[in-house]
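Notes to accompany the following structure.
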Amino acid sequence: AASAQEEGMKKATFKDLNVPWVRRIVFLGIGIAIVQQITGVNSIMYYGTEILKDAGFATEAALIGNIANGAISVLATIVGIWLLGKVGRRPMLITGLAGTTIALLLIGIFSNVLEGSPALPYVVLALTVTFLAFQQGAISPVTWLMLSEIFPLRLRGLGMGVTVFCLWIV
């Protein structure tokens, strides 16, 4: 259906960005992409082991703890994709942003309050897992779905290309 419809369609070019309504939805897509990236997901995903070591885990324990981050990311993504059909995009995005913000604030607060405490590594691990559950279960699936949905079929390749480029640059 969509592929057959796309066959005879004129392809979008960068000249299409001169059209005000096209430019507006591209900027909207860039905004959605930036919001997803500034949550800090890459810092947790790439430096999870270092974060856990800094919190007080030994290197081996931090590596094992980081497995929990990966497992929760996969499970939360599956749940998030399932939720997309059950819950609206806006409530999912707002819930995800609230959850990630609270988790990151609590990591900062507890890292100062519990500094040197034997409980700190476990608190940080629980909060990084919580952060990833909200990020991978709400923000990420909604972001990718919304980016694909906001562009008309003829502009989808160009729009996704520009917005995803900006997402990765951020």
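To be explicit about the labels: the chains of the structure tokens are called A, B, and onward in the order shown, and within each one the residues are counted from 1, while ligands get numbers from 1 in the order they are shown.
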
Polymer residues at most 7 Å from range 62-78 of chain A, only C-alpha atoms, same-chain spacing of 5 or more positions, as a list in words: Gly48, Thr49, Leu52, Lys53, Phe57, Leu125, Val129, Leu132, Ala133, Gln136 and Gly137 of chain A

Shell around Ser111 in chain A at 8 Å using only C-alpha atoms, local window under 2 positions removed, as a PyMOL selection string: chain A and resi 55+107-109+113-115+120+124

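Closest approach to Leu97 in chain A from the set A:Thr130, A:Gln135, A:Ser43, A:Thr143 is made by A:Gln135, with distances taken over only C-alpha atoms.
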
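The residue that comes closest to Leu145 in chain A, out of A:Ala126, A:Val79, A:Ile25, A:Ile32 and on the basis of only C-alpha atoms, is A:Ile32.
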
Near-range 151-163 of chain A list (9 Å; only C-alpha atoms; drop same-chain fewer than 2 positions) as an NGL selection string: :A and (2 or 5-6 or 9-14 or 16 or 22 or 25-34 or 146-149 or 165-168)

Backbone-only DSSP, helix (DSSP H, G or I) members of chain A, as a PyMOL selection string: chain A and resi 2-7+14-18+20-37+41-55+59-84+89-113+120-150+153-169

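Counting only C-alpha atoms and comparing A:Pro118, A:Pro141, A:Gly96, A:Pro20, the residue that lies closest to Ile81 in chain A is A:Pro141.
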
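Distances to Gly80 in chain A were evaluated for A:Leu93, A:Arg23, A:Ala58, A:Pro121 using only C-alpha atoms, and the minimum falls at A:Leu93.
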
Straight-line distance linking CA of Val142 in chain A with CA of Arg89 in chain A, stated in Å to one decimal: 6.0 Å
